[in-house]
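Visitor: Sending over a structure as structure tokens; questions will come in a sec.
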Amino acid sequence: MRTRRNTLQTLAAGALSLAAGRALSQDDKGAITVLVGAASSMDFTARLIADQLRDSLGRTAVVQPRLGAGQRLALGDVRRAAPDGRTLLFATSGPFAIFPHIYTKLEYDPAADFTPIAGISSFDVALATGPLTGATDLRQLIEWAKAAKGNAMFGSAPGNGSLSHFVGISVNMATGLQMPHVPYKDSGVGIVDLVSSRLPIMITGLSPLVEMHKAGKIRILAVSGEKRSPLVPEVPTLREAGVNVSSSTSTGVFGPARMPAELVAQLHGALQPMFSNPVIRDKLAGQGMTPWQVTGQQLAASLAEERKRFEGLVKASGYVPEAS
């Protein structure tokens, strides 16, 4: 019985590979769906990816938002899809690197259930304050937070388990603060609270903060990466501002598990013109993203390294894993 089952599994896997192989044919004009589980800049970038696939492959490519559960709904749809190149995922590294350590049970294996195809971008988050604190730099904000004690909370978007959340945790650990966390699913709501003095500190992606920063309604005090952002070159990194924290994240394109190598190579190659197109590079930069041109293998290795890093951070922070 076991031999028969193994034989059937082998035949089924072979059939999937043959079906996927047919997707390489120039005669195949089936539509490609790019699922994206996060809104705002992620949806914007997913549409750039779909346009590039359409231009390179001569096939219809559409973006399908699948919002909810911190991108996990989109991951689930792609995990269950056939490995034929017609269903792809554009996602941040969070579900692959952070979620395995903050949920007691996940419905997917972050390494085994997906095929990394290409890295697309890297990006930082930013720490901003509003009129409530009166701080003009990070040192002043830390002094205010120490004096304010329980009132010195920080908001993050997209909330629990995100890079923004863990940058806030890291700032707490590095400074000895104990700022409570307020999760926001949408950065826009958090920014409104920041401007109206209902929230003293907000940590989220950089691009939604820039307009209000330049208008003087909020102040971005630091970015989380190794380098300053060209969107706000006057703003220091956290390390430059005296807090020994540095953290960035990445985005990539993924397919279901068991995609044939030649199909992965074809899709990877189809995406590469994005990185030499100055218009697309400028559009990514406008969303606070830096182009990150890596192969699927390099993306997988980066995610494995990030997964290990967050394992240590989650344990050190005392974060209590949640039910999935």
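Here, A, B, ... name the chains of the structure tokens in the order displayed, residue numbers run from 1 inside each chain, and ligands are numbered from 1 in the same displayed order.
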Could you give me, as JSON lines, every segment 22-109 of chain A residue with an atom at most 7 Å from segment 297-319 of chain A, plus its closest atom pair and distance in Å to one decimal, counting only C-alpha atoms, rows ordered by chain then number?
Guide:
```
{"residue": "A:Ser93", "atom": "CA", "partner": "A:Leu303", "partner_atom": "CA", "distance": 6.7}
{"residue": "A:Phe96", "atom": "CA", "partner": "A:Leu303", "partner_atom": "CA", "distance": 6.7}
{"residue": "A:Ala97", "atom": "CA", "partner": "A:Arg307", "partner_atom": "CA", "distance": 4.0}
{"residue": "A:Ile98", "atom": "CA", "partner": "A:Phe310", "partner_atom": "CA", "distance": 6.0}
{"residue": "A:His101", "atom": "CA", "partner": "A:Glu311", "partner_atom": "CA", "distance": 6.0}
```
Visitor: Using only C-alpha atoms, which of the listed residues (A:Ile218, A:Ala39, A:Leu88, A:Leu73) sits closest to Gly252 of chain A?
Guide: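 The shortest atom-to-atom distance to Gly252 of chain A comes from A:Leu88.
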Visitor: Of the candidates A:Ala257, A:Val232, A:Met42, A:Leu271, which shows the shortest atom-to-atom distance to Asp109 of chain A, using only C-alpha atoms?
Guide: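 Among the listed residues, A:Ala257 lies closest to Asp109 of chain A.
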Visitor: Mind pulling up the distance from atom CA of Met289 of chain A to atom CA of Phe123 of chain A?
Guide: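 Straight-line distance from atom CA of Phe123 of chain A to atom CA of Met289 of chain A works out to 4.9 Å.
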Visitor: Any idea what's packed within 6 Å of Val125 of chain A, counting only C-alpha atoms, ignoring anything in its chain fewer than 3 positions away? Could you give it as a list of chain:residue names?
Guide: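 Surrounding residues, per the criterion: A:Thr204, A:Gly205, A:Leu206, A:Val223, A:Ser224.
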Visitor: Taking the chain letters and numbering used in this document, name the residues of segment 128-253 of chain A that DSSP puts in strand (DSSP E or B), as a list in words.
Guide: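 Residues of segment 128-253 of chain A classed as strand (DSSP E or B): Ala128, Thr129, Phe154, Gly155, Ser156, His181, Val182, Pro183, Ile201, Met202, Ile203, Thr204, Gly205, Arg219, Ile220, Leu221, Ala222, Val223, Thr237, Thr249, Ser250, Thr251, Gly252 and Val253 of chain A.
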Visitor: Write the selection just made, keeping N, CA and C atoms, as a PDB file, in the first residue's frame?
Guide:
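Dumped to again_34.pdb:
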```
ATOM      1  N   ALA A 128       7.980  58.476  13.762  1.00  0.00           N
ATOM      2  CA  ALA A 128       7.529  59.874  13.689  1.00  0.00           C
ATOM      3  C   ALA A 128       6.807  60.256  14.969  1.00  0.00           C
ATOM      4  N   THR A 129       6.808  61.544  15.247  1.00  0.00           N
ATOM      5  CA  THR A 129       6.069  62.057  16.393  1.00  0.00           C
ATOM      6  C   THR A 129       5.201  63.222  15.953  1.00  0.00           C
ATOM      7  N   PHE A 154       3.433  53.794  21.590  1.00  0.00           N
ATOM      8  CA  PHE A 154       3.749  53.927  20.166  1.00  0.00           C
ATOM      9  C   PHE A 154       2.750  53.107  19.353  1.00  0.00           C
ATOM     10  N   GLY A 155       2.350  53.668  18.228  1.00  0.00           N
ATOM     11  CA  GLY A 155       1.496  52.956  17.290  1.00  0.00           C
ATOM     12  C   GLY A 155       2.332  52.360  16.179  1.00  0.00           C
ATOM     13  N   SER A 156       1.837  51.283  15.606  1.00  0.00           N
ATOM     14  CA  SER A 156       2.515  50.702  14.449  1.00  0.00           C
ATOM     15  C   SER A 156       1.477  50.274  13.424  1.00  0.00           C
ATOM     16  N   HIS A 181       2.244  49.243  23.131  1.00  0.00           N
ATOM     17  CA  HIS A 181       2.043  49.212  21.676  1.00  0.00           C
ATOM     18  C   HIS A 181       0.563  49.345  21.336  1.00  0.00           C
ATOM     19  N   VAL A 182       0.273  50.178  20.338  1.00  0.00           N
ATOM     20  CA  VAL A 182      -1.086  50.335  19.818  1.00  0.00           C
ATOM     21  C   VAL A 182      -1.070  49.909  18.351  1.00  0.00           C
ATOM     22  N   PRO A 183      -1.674  48.774  18.009  1.00  0.00           N
ATOM     23  CA  PRO A 183      -1.637  48.314  16.615  1.00  0.00           C
ATOM     24  C   PRO A 183      -2.670  49.018  15.735  1.00  0.00           C
ATOM     25  N   ILE A 201       3.537  58.711  19.199  1.00  0.00           N
ATOM     26  CA  ILE A 201       4.597  58.158  18.346  1.00  0.00           C
ATOM     27  C   ILE A 201       3.966  57.167  17.380  1.00  0.00           C
ATOM     28  N   MET A 202       4.412  57.219  16.129  1.00  0.00           N
ATOM     29  CA  MET A 202       3.933  56.274  15.123  1.00  0.00           C
ATOM     30  C   MET A 202       5.123  55.703  14.376  1.00  0.00           C
ATOM     31  N   ILE A 203       5.119  54.379  14.189  1.00  0.00           N
ATOM     32  CA  ILE A 203       6.148  53.707  13.405  1.00  0.00           C
ATOM     33  C   ILE A 203       5.452  52.975  12.272  1.00  0.00           C
ATOM     34  N   THR A 204       5.810  53.330  11.054  1.00  0.00           N
ATOM     35  CA  THR A 204       5.187  52.713   9.884  1.00  0.00           C
ATOM     36  C   THR A 204       6.085  52.945   8.677  1.00  0.00           C
ATOM     37  N   GLY A 205       5.620  52.482   7.515  1.00  0.00           N
ATOM     38  CA  GLY A 205       6.371  52.733   6.294  1.00  0.00           C
ATOM     39  C   GLY A 205       6.594  54.219   6.073  1.00  0.00           C
ATOM     40  N   ARG A 219       6.664  65.106  12.627  1.00  0.00           N
ATOM     41  CA  ARG A 219       8.110  65.139  12.389  1.00  0.00           C
ATOM     42  C   ARG A 219       8.640  63.703  12.367  1.00  0.00           C
ATOM     43  N   ILE A 220       9.243  63.343  11.250  1.00  0.00           N
ATOM     44  CA  ILE A 220       9.916  62.056  11.170  1.00  0.00           C
ATOM     45  C   ILE A 220      11.271  62.219  11.848  1.00  0.00           C
ATOM     46  N   LEU A 221      11.511  61.424  12.877  1.00  0.00           N
ATOM     47  CA  LEU A 221      12.733  61.581  13.665  1.00  0.00           C
ATOM     48  C   LEU A 221      13.842  60.618  13.270  1.00  0.00           C
ATOM     49  N   ALA A 222      13.484  59.480  12.688  1.00  0.00           N
ATOM     50  CA  ALA A 222      14.513  58.506  12.316  1.00  0.00           C
ATOM     51  C   ALA A 222      13.923  57.474  11.368  1.00  0.00           C
ATOM     52  N   VAL A 223      14.797  56.896  10.552  1.00  0.00           N
ATOM     53  CA  VAL A 223      14.432  55.746   9.718  1.00  0.00           C
ATOM     54  C   VAL A 223      15.181  54.538  10.238  1.00  0.00           C
ATOM     55  N   THR A 237      19.301  57.945  10.516  1.00  0.00           N
ATOM     56  CA  THR A 237      18.918  56.587  10.876  1.00  0.00           C
ATOM     57  C   THR A 237      18.810  56.502  12.397  1.00  0.00           C
ATOM     58  N   THR A 249      13.217  45.405   5.724  1.00  0.00           N
ATOM     59  CA  THR A 249      12.516  44.223   5.241  1.00  0.00           C
ATOM     60  C   THR A 249      12.574  44.212   3.726  1.00  0.00           C
ATOM     61  N   SER A 250      12.055  43.166   3.133  1.00  0.00           N
ATOM     62  CA  SER A 250      12.136  43.025   1.682  1.00  0.00           C
ATOM     63  C   SER A 250      10.798  42.582   1.124  1.00  0.00           C
ATOM     64  N   THR A 251      10.681  42.676  -0.184  1.00  0.00           N
ATOM     65  CA  THR A 251       9.513  42.143  -0.885  1.00  0.00           C
ATOM     66  C   THR A 251      10.000  41.215  -1.988  1.00  0.00           C
ATOM     67  N   GLY A 252       9.138  40.304  -2.375  1.00  0.00           N
ATOM     68  CA  GLY A 252       9.512  39.377  -3.428  1.00  0.00           C
ATOM     69  C   GLY A 252       8.300  38.781  -4.105  1.00  0.00           C
ATOM     70  N   VAL A 253       8.560  38.098  -5.203  1.00  0.00           N
ATOM     71  CA  VAL A 253       7.529  37.375  -5.949  1.00  0.00           C
ATOM     72  C   VAL A 253       7.725  35.884  -5.690  1.00  0.00           C
TER      73      VAL A 253
END
```
Visitor: Using only C-alpha atoms, which residues sit within 8 Å of Ile191 of chain A once same-chain residues fewer than 4 positions away are excluded, as a ChimeraX atom specification?
Guide: /A:187,195,202,209
Visitor: Based on DSSP run over this structure's backbone, return all residues of segment 82-300 of chain A in helix (DSSP H, G or I), as a ChimeraX atom specification.
Guide: /A:94-97,99-102,138-151,163-175,187-195,207-214,261-276,278-286,296-300
Visitor: Do you have the atom CA of Val243 of chain A-atom CA of Leu127 of chain A distance handy?
Guide: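 So the answer is 11.9 Å.
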Visitor: When distances are computed from only C-alpha atoms, which of A:Val63, A:Ala174, A:Ala285, A:Ala148 shows the smallest separation from Ala38 of chain A?
Guide: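 Selected residue with least distance to Ala38 of chain A: A:Val63.
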Visitor: Give me the residues near Ser207 of chain A as a list in words, where near means some atom within 8 Å (using only C-alpha atoms) and where sequence neighbours in that chain fewer than 3 positions away do not count.
Guide: Val210, Glu211, Leu231, Gly286, Gln287 and Gly288 of chain A
Visitor: Compare A:Ala261, A:Val189, A:Met153, A:Ile120 by their minimum atom-to-atom distance to Thr133 of chain A, counting only C-alpha atoms, and give me the closest one.
Guide: A:Met153
Visitor: Please measure the separation of atom CA of Ala241 of chain A and atom CA of Arg139 of chain A, giving the value in Å to one decimal.
Guide: 7.3 Å
